[in-house]
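S.K.: Pasting final.csv here (CSV, C-alpha atoms):
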```csv
chain,number,residue,atom,x,y,z
A,1,MET,CA,-36.4,-64.3,-51.4
A,2,SER,CA,-32.9,-65.4,-52.2
A,3,ASN,CA,-31.2,-64.1,-55.3
A,4,ARG,CA,-31.9,-67.3,-57.2
A,5,GLU,CA,-35.6,-67.2,-56.1
A,6,LEU,CA,-35.8,-63.5,-57.1
A,7,PHE,CA,-34.4,-64.4,-60.5
A,8,HIS,CA,-37.2,-66.9,-61.2
A,9,ALA,CA,-39.8,-64.6,-59.7
A,10,THR,CA,-38.7,-61.8,-61.9
A,11,LEU,CA,-39.0,-63.9,-65.1
A,12,ARG,CA,-42.5,-65.1,-63.9
A,13,ARG,CA,-43.5,-61.4,-63.1
A,14,GLU,CA,-44.0,-62.4,-59.5
A,15,ASN,CA,-41.4,-60.2,-57.9
A,16,GLY,CA,-43.6,-57.3,-57.0
A,17,GLY,CA,-41.4,-54.2,-56.4
A,18,SER,CA,-38.3,-56.3,-55.5
A,19,LEU,CA,-35.5,-55.7,-58.0
A,20,LEU,CA,-32.7,-58.1,-58.7
A,21,HIS,CA,-29.3,-56.4,-59.6
A,22,MET,CA,-27.1,-58.6,-61.7
A,23,GLU,CA,-24.1,-57.8,-63.9
A,24,GLN,CA,-22.6,-60.0,-66.6
A,25,GLY,CA,-19.1,-59.3,-65.5
A,26,PHE,CA,-16.4,-56.9,-64.2
A,27,ASN,CA,-13.7,-55.9,-66.6
A,28,VAL,CA,-12.3,-53.2,-64.4
A,29,ARG,CA,-8.8,-52.0,-63.5
A,30,TYR,CA,-8.7,-54.1,-60.4
A,31,ASP,CA,-5.5,-52.7,-59.0
A,32,GLU,CA,-6.8,-49.1,-59.5
A,33,TRP,CA,-10.0,-50.0,-57.6
A,34,LYS,CA,-7.8,-51.1,-54.7
A,35,THR,CA,-6.2,-47.7,-54.6
A,36,GLN,CA,-9.7,-46.1,-54.8
A,37,GLY,CA,-11.0,-47.8,-51.7
A,38,LEU,CA,-11.7,-51.5,-52.6
A,39,PRO,CA,-10.8,-53.4,-49.4
A,40,ASP,CA,-8.1,-56.0,-49.3
A,41,GLY,CA,-9.3,-59.6,-49.5
A,42,VAL,CA,-11.9,-59.1,-52.2
A,43,ALA,CA,-11.0,-61.3,-55.2
A,44,ASN,CA,-11.2,-60.4,-58.8
A,45,PRO,CA,-14.0,-62.7,-60.1
A,46,ASP,CA,-13.5,-65.7,-62.3
A,47,MET,CA,-15.7,-65.7,-65.4
A,48,PHE,CA,-16.8,-69.3,-65.1
A,49,GLY,CA,-18.1,-70.9,-62.0
A,50,LEU,CA,-17.8,-69.2,-58.6
A,51,SER,CA,-14.7,-67.7,-57.0
A,52,ALA,CA,-13.2,-69.6,-54.1
A,53,ALA,CA,-13.0,-66.4,-51.9
A,54,PRO,CA,-15.5,-63.5,-51.7
A,55,ASP,CA,-15.1,-61.5,-54.9
A,56,LEU,CA,-16.4,-58.2,-56.4
A,57,PHE,CA,-19.9,-59.6,-56.8
A,58,ASP,CA,-20.1,-60.7,-53.2
A,59,HIS,CA,-18.6,-57.5,-51.8
A,60,LEU,CA,-20.9,-55.3,-53.8
A,61,ASN,CA,-24.0,-57.4,-53.2
A,62,VAL,CA,-24.4,-58.0,-57.0
A,63,ALA,CA,-25.7,-61.3,-58.3
A,64,LYS,CA,-23.3,-63.0,-60.7
A,65,ILE,CA,-24.1,-65.2,-63.7
A,66,ALA,CA,-22.1,-68.2,-62.8
A,67,PHE,CA,-21.3,-69.6,-66.3
A,68,PHE,CA,-20.8,-73.2,-67.0
A,69,GLY,CA,-20.0,-74.5,-70.5
A,70,PHE,CA,-18.2,-77.0,-72.7
A,71,ASP,CA,-16.0,-77.2,-75.8
A,72,GLN,CA,-18.4,-76.6,-78.7
A,73,PHE,CA,-15.8,-76.5,-81.5
A,74,CYS,CA,-12.9,-78.6,-82.7
A,75,GLN,CA,-12.0,-81.7,-80.7
A,76,PRO,CA,-9.2,-82.2,-81.2
A,77,GLY,CA,-8.3,-78.7,-82.3
A,78,PHE,CA,-5.9,-77.8,-85.0
A,79,PRO,CA,-2.3,-76.8,-84.0
A,80,GLU,CA,-2.1,-73.1,-83.1
A,81,GLU,CA,0.8,-71.3,-84.7
A,82,THR,CA,2.2,-67.9,-85.4
A,83,LEU,CA,2.5,-67.4,-89.1
A,84,ALA,CA,4.2,-63.9,-89.2
A,85,GLU,CA,5.1,-61.3,-86.7
A,86,THR,CA,6.4,-57.7,-86.8
A,87,PRO,CA,6.5,-55.0,-84.1
A,88,GLN,CA,3.2,-53.8,-85.4
A,89,VAL,CA,1.1,-56.9,-86.1
A,90,LYS,CA,1.0,-60.6,-85.6
A,91,ARG,CA,-0.6,-63.1,-87.9
A,92,TYR,CA,-1.6,-66.5,-86.5
A,93,ARG,CA,-3.7,-69.6,-87.1
A,94,ASN,CA,-6.1,-70.6,-84.3
A,95,HIS,CA,-7.4,-74.0,-83.1
A,96,LEU,CA,-10.2,-73.9,-85.7
A,97,GLY,CA,-7.6,-73.5,-88.5
A,98,ASN,CA,-8.6,-69.9,-89.1
A,99,THR,CA,-6.2,-67.1,-89.8
A,100,TYR,CA,-6.3,-63.7,-88.0
A,101,GLU,CA,-4.2,-60.7,-87.6
A,102,VAL,CA,-3.9,-58.7,-84.4
A,103,ARG,CA,-2.1,-55.6,-83.2
A,104,ASN,CA,1.3,-56.3,-81.7
A,105,ASP,CA,2.1,-52.7,-80.6
A,106,GLY,CA,0.4,-52.6,-77.2
A,107,GLY,CA,-2.9,-51.2,-78.6
A,108,TRP,CA,-6.1,-53.0,-78.8
A,109,SER,CA,-8.6,-53.7,-81.6
A,110,LEU,CA,-10.7,-56.6,-82.7
A,111,PRO,CA,-8.8,-59.3,-84.6
A,112,HIS,CA,-8.8,-58.9,-88.3
A,113,GLU,CA,-10.3,-61.9,-90.1
A,114,LEU,CA,-8.1,-63.1,-93.0
A,115,ASP,CA,-9.0,-66.7,-93.9
A,116,PHE,CA,-11.1,-69.6,-92.8
A,117,ALA,CA,-10.6,-73.3,-93.0
A,118,VAL,CA,-14.3,-74.0,-93.7
A,119,LYS,CA,-15.8,-72.3,-96.7
A,120,THR,CA,-17.8,-75.0,-98.3
A,121,LEU,CA,-19.8,-78.1,-97.4
A,122,ALA,CA,-16.9,-80.2,-98.7
A,123,ASP,CA,-14.5,-78.4,-96.4
A,124,TYR,CA,-16.8,-79.0,-93.4
A,125,MET,CA,-17.3,-82.7,-94.2
A,126,GLU,CA,-13.5,-83.2,-94.3
A,127,ARG,CA,-13.3,-81.9,-90.7
A,128,ARG,CA,-16.7,-83.0,-89.5
A,129,ASP,CA,-15.4,-85.6,-87.0
A,130,ARG,CA,-13.8,-82.8,-85.1
A,131,PHE,CA,-17.1,-81.1,-84.5
A,132,ARG,CA,-19.0,-84.2,-83.3
A,133,GLY,CA,-18.5,-86.7,-80.5
A,134,ASN,CA,-15.5,-86.8,-78.1
A,135,ILE,CA,-17.9,-85.7,-75.3
A,136,GLU,CA,-15.5,-86.9,-72.6
A,137,LYS,CA,-12.9,-84.4,-73.8
A,138,ARG,CA,-15.3,-81.5,-74.2
A,139,VAL,CA,-16.5,-81.4,-70.6
A,140,ASP,CA,-14.2,-80.3,-67.8
A,141,TRP,CA,-15.1,-83.1,-65.4
A,142,ALA,CA,-12.7,-82.0,-62.7
A,143,PHE,CA,-14.2,-78.5,-62.7
A,144,LEU,CA,-17.7,-79.9,-62.6
A,145,ASN,CA,-17.0,-82.3,-59.8
A,146,LYS,CA,-15.4,-79.5,-57.8
A,147,MET,CA,-17.8,-76.7,-58.6
A,148,GLY,CA,-21.1,-78.6,-58.9
A,149,PRO,CA,-21.8,-79.1,-55.2
A,150,ARG,CA,-20.8,-75.6,-54.3
A,151,VAL,CA,-23.0,-73.9,-56.9
A,152,ARG,CA,-26.0,-76.1,-56.1
A,153,ALA,CA,-25.7,-75.4,-52.4
A,154,GLN,CA,-25.6,-71.6,-52.7
A,155,GLU,CA,-28.4,-69.0,-53.4
A,156,ASP,CA,-26.4,-65.8,-54.0
A,157,HIS,CA,-25.5,-66.3,-57.7
A,158,ILE,CA,-27.3,-67.6,-60.7
A,159,PRO,CA,-25.8,-70.6,-62.5
A,160,ALA,CA,-26.2,-70.6,-66.2
A,161,LEU,CA,-25.4,-73.1,-69.0
A,162,TRP,CA,-23.4,-71.2,-71.7
A,163,VAL,CA,-23.9,-72.1,-75.4
A,164,HIS,CA,-23.2,-70.3,-78.6
A,165,GLY,CA,-26.3,-69.4,-80.6
A,166,PRO,CA,-26.5,-70.5,-84.3
A,167,PHE,CA,-25.2,-67.2,-85.8
A,168,ALA,CA,-22.5,-66.9,-83.2
A,169,PHE,CA,-21.3,-70.5,-83.9
A,170,LEU,CA,-21.3,-69.9,-87.6
A,171,ARG,CA,-19.4,-66.6,-87.1
A,172,GLU,CA,-16.7,-68.3,-85.1
A,173,LEU,CA,-16.3,-71.1,-87.7
A,174,LEU,CA,-16.8,-69.2,-91.0
A,175,GLY,CA,-16.1,-65.6,-90.1
A,176,THR,CA,-18.7,-62.8,-89.9
A,177,GLU,CA,-19.1,-62.0,-93.6
A,178,ASN,CA,-19.1,-65.7,-94.6
A,179,ALA,CA,-21.7,-66.4,-91.9
A,180,MET,CA,-23.9,-63.7,-93.4
A,181,MET,CA,-23.6,-65.0,-96.9
A,182,ALA,CA,-23.6,-68.7,-96.3
A,183,PRO,CA,-27.4,-69.1,-96.1
A,184,PHE,CA,-27.5,-67.8,-99.7
A,185,ASN,CA,-24.3,-69.4,-101.1
A,186,GLU,CA,-24.0,-72.6,-99.1
A,187,PRO,CA,-27.4,-73.3,-97.4
A,188,GLU,CA,-26.6,-77.0,-97.0
A,189,LEU,CA,-23.4,-76.1,-95.2
A,190,VAL,CA,-25.4,-74.0,-92.7
A,191,ARG,CA,-27.9,-76.8,-92.1
A,192,ALA,CA,-25.2,-79.4,-91.6
A,193,VAL,CA,-23.2,-77.2,-89.2
A,194,LEU,CA,-26.2,-76.1,-87.1
A,195,ASP,CA,-27.6,-79.7,-86.9
A,196,ASP,CA,-24.3,-81.0,-85.7
A,197,HIS,CA,-23.8,-78.1,-83.3
A,198,LEU,CA,-27.2,-78.6,-81.7
A,199,GLU,CA,-26.7,-82.4,-81.4
A,200,LEU,CA,-23.3,-81.9,-79.8
A,201,ALA,CA,-24.6,-79.1,-77.5
A,202,GLN,CA,-27.4,-81.4,-76.2
A,203,ALA,CA,-25.0,-84.3,-75.6
A,204,CYS,CA,-22.5,-82.1,-73.7
A,205,ALA,CA,-25.2,-80.1,-71.8
A,206,GLY,CA,-26.6,-83.2,-70.1
A,207,PRO,CA,-23.8,-83.8,-67.6
A,208,VAL,CA,-23.3,-80.0,-67.1
A,209,ILE,CA,-27.0,-79.6,-66.2
A,210,GLU,CA,-26.9,-82.6,-63.9
A,211,ALA,CA,-23.8,-81.3,-62.0
A,212,THR,CA,-24.8,-77.6,-61.7
A,213,ARG,CA,-28.6,-77.5,-62.0
A,214,PRO,CA,-28.5,-74.2,-63.8
A,215,ASP,CA,-31.4,-71.7,-63.5
A,216,PHE,CA,-31.2,-70.8,-67.2
A,217,SER,CA,-29.4,-71.2,-70.5
A,218,PHE,CA,-27.2,-68.3,-71.6
A,219,VAL,CA,-27.2,-68.1,-75.4
A,220,TRP,CA,-24.3,-66.0,-76.6
A,221,GLU,CA,-25.5,-64.6,-80.0
A,222,ASP,CA,-23.5,-61.5,-80.9
A,223,MET,CA,-25.2,-60.9,-84.3
A,224,CYS,CA,-26.4,-57.2,-84.2
A,225,GLY,CA,-24.8,-53.9,-84.9
A,226,SER,CA,-25.9,-50.4,-84.2
A,227,SER,CA,-28.1,-50.5,-87.3
A,228,GLY,CA,-29.7,-53.9,-86.5
A,229,PRO,CA,-29.2,-57.6,-87.0
A,230,LEU,CA,-26.7,-59.1,-89.4
A,231,MET,CA,-29.5,-61.5,-90.6
A,232,SER,CA,-32.8,-60.9,-92.2
A,233,ARG,CA,-36.1,-62.1,-90.7
A,234,ASP,CA,-36.5,-64.6,-93.6
A,235,VAL,CA,-33.1,-66.1,-93.0
A,236,PHE,CA,-33.6,-66.2,-89.3
A,237,ARG,CA,-36.9,-68.1,-89.8
A,238,GLU,CA,-35.3,-70.7,-92.0
A,239,PHE,CA,-32.1,-71.4,-90.2
A,240,SER,CA,-32.0,-70.0,-86.7
A,241,LEU,CA,-35.6,-70.4,-85.5
A,242,PRO,CA,-35.6,-74.2,-85.7
A,243,TRP,CA,-32.4,-74.3,-83.7
A,244,TYR,CA,-33.9,-72.2,-80.9
A,245,ARG,CA,-37.1,-74.2,-80.8
A,246,ARG,CA,-35.3,-77.5,-80.5
A,247,TRP,CA,-32.9,-76.1,-77.9
A,248,LYS,CA,-35.8,-74.8,-75.8
A,249,ARG,CA,-37.6,-78.2,-75.9
A,250,PHE,CA,-34.4,-79.9,-74.8
A,251,LEU,CA,-33.9,-77.5,-71.9
A,252,LEU,CA,-37.5,-77.9,-70.7
A,253,ASP,CA,-37.1,-81.6,-70.8
A,254,MET,CA,-33.9,-81.3,-68.7
A,255,GLY,CA,-35.6,-79.0,-66.1
A,256,VAL,CA,-34.0,-75.7,-67.3
A,257,PRO,CA,-36.9,-73.2,-67.6
A,258,TRP,CA,-35.4,-70.1,-69.2
A,259,ILE,CA,-33.3,-68.8,-72.0
A,260,MET,CA,-31.4,-65.5,-71.8
A,261,MET,CA,-30.0,-64.4,-75.1
A,262,ASP,CA,-27.1,-62.0,-75.3
A,263,THR,CA,-26.3,-59.8,-78.3
A,264,ASP,CA,-24.7,-56.4,-78.6
A,265,GLY,CA,-26.2,-53.7,-80.9
A,266,ASP,CA,-29.9,-53.4,-81.7
A,267,PRO,CA,-31.9,-56.7,-81.8
A,268,SER,CA,-35.3,-55.0,-82.2
A,269,ALA,CA,-36.1,-56.3,-85.6
A,270,LEU,CA,-35.9,-59.9,-84.5
A,271,VAL,CA,-37.2,-59.8,-80.9
A,272,ASP,CA,-40.6,-61.3,-81.8
A,273,LEU,CA,-38.9,-64.2,-83.6
A,274,TRP,CA,-36.6,-64.9,-80.6
A,275,LEU,CA,-39.6,-65.0,-78.4
A,276,GLU,CA,-41.3,-67.4,-80.8
A,277,GLY,CA,-38.2,-69.6,-80.6
A,278,GLY,CA,-38.4,-69.7,-76.8
A,279,VAL,CA,-36.1,-66.9,-75.6
A,280,ASP,CA,-37.4,-65.4,-72.4
A,281,CYS,CA,-34.9,-62.6,-71.7
A,282,ILE,CA,-32.6,-60.4,-73.8
A,283,GLN,CA,-29.6,-58.4,-72.7
A,284,PRO,CA,-27.7,-56.0,-72.6
A,285,TRP,CA,-29.6,-53.3,-74.6
A,286,GLU,CA,-26.6,-51.1,-75.4
A,287,VAL,CA,-27.9,-47.5,-75.1
A,288,ASN,CA,-25.9,-46.2,-78.0
A,289,SER,CA,-27.7,-48.7,-80.3
A,290,ALA,CA,-31.0,-50.0,-78.8
A,291,ASP,CA,-34.0,-48.7,-76.9
A,292,ALA,CA,-34.9,-51.0,-74.1
A,293,LEU,CA,-37.9,-49.0,-73.0
A,294,ARG,CA,-39.4,-49.2,-76.5
A,295,ALA,CA,-38.8,-53.0,-76.6
A,296,ALA,CA,-40.5,-53.4,-73.2
A,297,ARG,CA,-43.5,-51.5,-74.5
A,298,GLU,CA,-43.7,-53.5,-77.7
A,299,HIS,CA,-43.1,-56.9,-76.2
A,300,PRO,CA,-44.9,-57.3,-72.9
A,301,ASN,CA,-43.8,-61.0,-72.6
A,302,LEU,CA,-40.2,-60.1,-72.9
A,303,ALA,CA,-37.9,-60.0,-69.9
A,304,LEU,CA,-35.0,-57.6,-70.1
A,305,MET,CA,-31.7,-57.2,-68.4
A,306,GLY,CA,-29.3,-54.2,-68.6
A,307,GLY,CA,-30.1,-51.0,-70.5
A,308,ILE,CA,-28.3,-48.7,-67.9
A,309,TYR,CA,-25.8,-46.6,-69.8
A,310,LYS,CA,-22.3,-47.6,-68.7
A,311,HIS,CA,-20.7,-44.4,-69.8
A,312,VAL,CA,-22.5,-42.3,-67.1
A,313,PHE,CA,-19.4,-43.1,-65.1
A,314,GLU,CA,-17.1,-41.2,-67.4
A,315,PRO,CA,-18.7,-38.0,-68.5
A,316,ASP,CA,-15.3,-36.3,-69.2
A,317,HIS,CA,-14.2,-39.0,-71.7
A,318,PRO,CA,-13.7,-37.5,-75.2
A,319,SER,CA,-16.2,-40.0,-76.7
A,320,GLN,CA,-18.9,-38.5,-74.5
A,321,ALA,CA,-18.3,-34.8,-75.4
A,322,GLY,CA,-21.5,-32.8,-75.4
A,323,ARG,CA,-23.7,-35.8,-74.3
A,324,PHE,CA,-24.1,-34.8,-70.6
A,325,LYS,CA,-25.2,-31.6,-69.0
A,326,THR,CA,-23.0,-32.1,-66.0
A,327,ASN,CA,-19.8,-34.0,-65.1
A,328,HIS,CA,-21.1,-34.9,-61.6
A,329,VAL,CA,-21.3,-38.6,-61.7
A,330,PRO,CA,-23.8,-39.1,-58.8
A,331,THR,CA,-26.2,-36.8,-60.6
A,332,LEU,CA,-25.8,-38.7,-63.8
A,333,ILE,CA,-26.4,-42.0,-62.1
A,334,ASP,CA,-29.6,-40.6,-60.5
A,335,GLU,CA,-30.8,-39.4,-63.9
A,336,GLU,CA,-30.0,-42.6,-65.7
A,337,LEU,CA,-31.7,-44.9,-63.1
A,338,GLU,CA,-34.8,-42.7,-63.1
A,339,ARG,CA,-34.9,-42.9,-66.9
A,340,VAL,CA,-34.4,-46.7,-67.2
A,341,VAL,CA,-35.0,-48.5,-63.9
A,342,ARG,CA,-38.1,-46.8,-62.6
A,343,PRO,CA,-40.3,-47.5,-65.7
A,344,LEU,CA,-38.9,-51.0,-66.2
A,345,ARG,CA,-39.3,-51.9,-62.6
A,346,GLU,CA,-43.0,-50.8,-62.7
A,347,ARG,CA,-43.5,-52.7,-65.9
A,348,GLY,CA,-42.0,-55.9,-64.4
A,349,GLY,CA,-39.8,-58.6,-65.9
A,350,TYR,CA,-36.7,-56.5,-65.5
A,351,ILE,CA,-33.2,-57.3,-64.0
A,352,ALA,CA,-31.1,-54.2,-63.3
A,353,GLY,CA,-27.7,-54.0,-64.9
A,354,LEU,CA,-25.4,-52.0,-67.1
A,355,ASP,CA,-25.7,-52.2,-70.9
A,356,HIS,CA,-22.5,-54.3,-71.0
A,357,TRP,CA,-19.8,-55.5,-68.6
A,358,VAL,CA,-18.6,-53.1,-65.9
A,359,HIS,CA,-15.7,-51.6,-68.0
A,360,PRO,CA,-12.3,-50.1,-67.2
A,361,GLY,CA,-13.5,-46.5,-67.2
A,362,VAL,CA,-15.6,-47.1,-64.1
A,363,LYS,CA,-14.1,-45.9,-60.7
A,364,TYR,CA,-14.8,-47.9,-57.6
A,365,PRO,CA,-16.5,-45.1,-55.5
A,366,ASP,CA,-18.8,-44.3,-58.5
A,367,TYR,CA,-19.8,-48.0,-58.9
A,368,VAL,CA,-20.5,-48.2,-55.1
A,369,CYS,CA,-22.7,-45.0,-55.5
A,370,TYR,CA,-24.6,-46.8,-58.3
A,371,CYS,CA,-25.2,-49.8,-56.1
A,372,GLU,CA,-26.4,-47.6,-53.2
A,373,ARG,CA,-28.9,-45.7,-55.4
A,374,LEU,CA,-30.4,-49.0,-56.6
A,375,ALA,CA,-30.8,-50.1,-53.0
A,376,GLU,CA,-32.0,-46.9,-51.6
A,377,SER,CA,-34.5,-45.8,-54.2
A,378,TYR,CA,-35.3,-48.6,-56.7
A,379,GLY,CA,-36.1,-51.6,-54.6
A,380,LYS,CA,-32.9,-53.6,-55.0
A,381,ALA,CA,-33.5,-56.7,-53.0
A,382,ASN,CA,-30.4,-58.7,-53.4
A,383,ARG,CA,-29.5,-60.9,-50.4
A,384,SER,CA,-25.9,-62.2,-50.6
A,385,LEU,CA,-24.8,-64.3,-47.7
A,386,ARG,CA,-21.1,-63.4,-48.6
A,387,PHE,CA,-21.9,-59.7,-48.8
A,388,LEU,CA,-19.1,-57.9,-46.9
A,389,GLY,CA,-20.7,-54.5,-46.6
A,390,ALA,CA,-19.6,-52.4,-49.5
A,391,TYR,CA,-21.7,-49.4,-48.3
A,392,GLU,CA,-20.0,-49.0,-45.0
```
If you took the structure in this file and wrote it as structure tokens, what would it be?
M.R.:
Amino acid sequence: MSNRELFHATLRRENGGSLLHMEQGFNVRYDEWKTQGLPDGVANPDMFGLSAAPDLFDHLNVAKIAFFGFDQFCQPGFPEETLAETPQVKRYRNHLGNTYEVRNDGGWSLPHELDFAVKTLADYMERRDRFRGNIEKRVDWAFLNKMGPRVRAQEDHIPALWVHGPFAFLRELLGTENAMMAPFNEPELVRAVLDDHLELAQACAGPVIEATRPDFSFVWEDMCGSSGPLMSRDVFREFSLPWYRRWKRFLLDMGVPWIMMDTDGDPSALVDLWLEGGVDCIQPWEVNSADALRAAREHPNLALMGGIYKHVFEPDHPSQAGRFKTNHVPTLIDEELERVVRPLRERGGYIAGLDHWVHPGVKYPDYVCYCERLAESYGKANRSLRFLGAYE
């Protein structure tokens, strides 16, 4: 089977012992990997679409999610501007009219949410025209015309239609805390926003689906923390479940059979409702928060991707003090694959991958070792025509 055929076979539970290895992305120190043995001529992957030249996915024989999307938010956007700046922090207003503060000292942390243009239904109605219509400006037609024929003609990587899920969309528009409270304080605002978002997503998705023929819809729905979802089951049933059901019906009508939903943290409390809404696969099952093996036992119809602890590659990092019995990375890789991949492969409906993007703490030889172990002992069956031979 090709990688694309193996993807569909896995979600249908028809892949036997053949394992698909797929990562969401590489966020590595690319220049350091070149000093650690990565050959010249291997490109750092683009997030959307496919790279023009063989990239890390091709070189390592890993299937890529080839994302395709559209502008889901303001069109036209609000002017972006810096409001205040010191050597320590910068305060700015983004294209949604929302105000954030970020570090300006070379360090990194999540942006601090300060103020949001939309707080009430009246605020939204004043700006509603920016969140509807203007389809011609929301779809990158030049990109689709260039990339569409290429992605349709290849079988190495898995094209996916990217869309924000209902909570993720509300979070971007209203802020995290406001998105949590709005179903109680401004329920009509939530209904109006989600109805408009779904209508817009369907209108924009049509030409993207026609151009790329995606194998699934990737729903980005970061709405869980280490202690669980940021939404109760009752609120999910009332506001999010109808969105998922309508999105799934639309996809099936358009010939897109699957939904893969992405959220960090622990989604366990809502898995059955996502399944009810039409979600077929959930990722990435962050080991520090969630138990992919338990989810697999409790939900036999659920496909899973991920769940392999990304920090086995850095046992000496201070954050991992006392967690591992050895600092020998190949041994840790073996132990982690035996813990996660063997039972999930036997259970079926599993796509091997780390529990998040391949991150900057991973060294190139160690990642190659991980790929080798999957191929030698766990049935990795990827067939990449652009594979350059990473194990040589």
S.K.: To one decimal place, how far is CA of Ile135 in chain A from CA of Asp196 in chain A in Å?
M.R.: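 Those two atoms sit 13.1 Å apart.
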S.K.: Quote the spacing between CA of Glu335 in chain A and CA of Tyr309 in chain A in Å to one decimal place.
M.R.: 10.6 Å
S.K.: One number please: CA of Ala201 in chain A to CA of Asp280 in chain A, in Å, one decimal.
M.R.: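 Separation between CA of Ala201 in chain A and CA of Asp280 in chain A: 19.4 Å.
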S.K.: Name the closest residue to Glu32 in chain A among the candidates A:Pro365, A:Gly107, A:Gly49, A:Gly379; distances are taken between atoms, counting all atoms listed in the file.
M.R.: A:Pro365
S.K.: Excluding range 256-261 of chain A and residues on its chain fewer than 3 positions from it, collect all residues at most 8 Å away from it, counting all atoms listed in the file, and give them as a PyMOL selection string.
M.R.: chain A and resi 213-221+248+251-253+278-283
S.K.: Which residue, A:Cys224, A:Ile209, A:Glu238, A:Gln202, has the smallest gap to Pro183 in chain A when you use only C-alpha atoms?
M.R.: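 Closest residue, counting only C-alpha atoms: A:Glu238.
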S.K.: Please tabulate, as a Markdown table, the residues of range 215-280 of chain A that come within 9 Å of range 284-300 of chain A, each with its closest pair of atoms and the distance in Å to one decimal, counting only C-alpha atoms and ordering rows by chain, then residue number upward.
M.R.:
```
| residue | atom | partner | partner_atom | distance |
| --- | --- | --- | --- | --- |
| A:Gly225 | CA | A:Ser289 | CA | 7.5 |
| A:Ser226 | CA | A:Ser289 | CA | 4.6 |
| A:Ser227 | CA | A:Ser289 | CA | 7.2 |
| A:Gly228 | CA | A:Ser289 | CA | 8.3 |
| A:Asp262 | CA | A:Pro284 | CA | 6.6 |
| A:Thr263 | CA | A:Pro284 | CA | 7.0 |
| A:Asp264 | CA | A:Glu286 | CA | 6.5 |
| A:Gly265 | CA | A:Ser289 | CA | 5.3 |
| A:Asp266 | CA | A:Ala290 | CA | 4.6 |
| A:Pro267 | CA | A:Ala290 | CA | 7.4 |
| A:Ser268 | CA | A:Ala295 | CA | 6.9 |
| A:Val271 | CA | A:His299 | CA | 8.1 |
| A:Asp272 | CA | A:His299 | CA | 7.5 |
```
S.K.: Nearest to Phe57 in chain A: which of A:Tyr100, A:Phe236, A:Phe169, A:Tyr367 is it, counting only C-alpha atoms?
M.R.: A:Tyr367
S.K.: Name the closest residue to Ser240 in chain A among the candidates A:Leu200, A:Pro166, A:Ala205, A:His311; distances are taken between atoms, counting all atoms listed in the file.
M.R.: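 Checking each of A:Leu200, A:Pro166, A:Ala205, A:His311 against Ser240 in chain A, counting all atoms listed in the file, the winner is A:Pro166.
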S.K.: Fewer than 5 positions away in the same chain doesn't count, so skip those; otherwise give me all residues within 12 Å of Arg383 in chain A, counting all atoms listed in the file, as a VMD selection string.
M.R.: chain A and resid 1 to 7 18 to 22 57 to 63 154 to 157 375 388 to 389
S.K.: Store the residues of this selection in a file with C-alpha atoms, as a short mmCIF file (atom, residue, chain, number, x, y, z; two decimals), in the frame of the given file.
M.R.:
```cif
data_model
loop_
_atom_site.label_atom_id
_atom_site.label_comp_id
_atom_site.auth_asym_id
_atom_site.auth_seq_id
_atom_site.Cartn_x
_atom_site.Cartn_y
_atom_site.Cartn_z
CA MET A 1 -36.40 -64.30 -51.40
CA SER A 2 -32.90 -65.40 -52.20
CA ASN A 3 -31.20 -64.10 -55.30
CA ARG A 4 -31.90 -67.30 -57.20
CA GLU A 5 -35.60 -67.20 -56.10
CA LEU A 6 -35.80 -63.50 -57.10
CA PHE A 7 -34.40 -64.40 -60.50
CA SER A 18 -38.30 -56.30 -55.50
CA LEU A 19 -35.50 -55.70 -58.00
CA LEU A 20 -32.70 -58.10 -58.70
CA HIS A 21 -29.30 -56.40 -59.60
CA MET A 22 -27.10 -58.60 -61.70
CA PHE A 57 -19.90 -59.60 -56.80
CA ASP A 58 -20.10 -60.70 -53.20
CA HIS A 59 -18.60 -57.50 -51.80
CA LEU A 60 -20.90 -55.30 -53.80
CA ASN A 61 -24.00 -57.40 -53.20
CA VAL A 62 -24.40 -58.00 -57.00
CA ALA A 63 -25.70 -61.30 -58.30
CA GLN A 154 -25.60 -71.60 -52.70
CA GLU A 155 -28.40 -69.00 -53.40
CA ASP A 156 -26.40 -65.80 -54.00
CA HIS A 157 -25.50 -66.30 -57.70
CA ALA A 375 -30.80 -50.10 -53.00
CA LEU A 388 -19.10 -57.90 -46.90
CA GLY A 389 -20.70 -54.50 -46.60
#
```
S.K.: For a cutoff of 6 Å around the file-coordinate point (-17.8, -54.4, -67.2), which residues qualify once you count only C-alpha atoms? I'd like the result as a list in words.
M.R.: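 Collected hits near the coordinates: Gly25, Phe26, Asn27, Trp357, Val358 and His359 of chain A.
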S.K.: Residues around (-46.0, -55.6, -67.0), cut-off 9 Å, counting all atoms listed in the file - what are they as a list in words?
M.R.: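 Those residues lying close to the given coordinates are Arg13, Ala296, Arg297, Pro300, Asn301, Leu344, Arg345, Glu346, Arg347, Gly348 and Gly349 of chain A.
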S.K.: Give the answer as one residue: which of A:Val362, A:Val163, A:Leu354, A:Ala117 has the shortest atom-to-atom distance to Arg29 in chain A, using only C-alpha atoms?
M.R.: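 Among the listed residues, A:Val362 lies closest to Arg29 in chain A.
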S.K.: So that I can see what lies close to Leu83 in chain A, please list as a PyMOL selection string the residues with an atom at most 8 Å from it, counting all atoms listed in the file and leaving out residues fewer than 4 positions away in the same chain.
M.R.: chain A and resi 90-93
S.K.: Find the residues around Arg150 in chain A up to 10 Å (all atoms listed in the file counted), leave out those fewer than 2 positions away in its own chain, and share them as a PyMOL selection string.
M.R.: chain A and resi 49-50+52+144-148+152-154+212
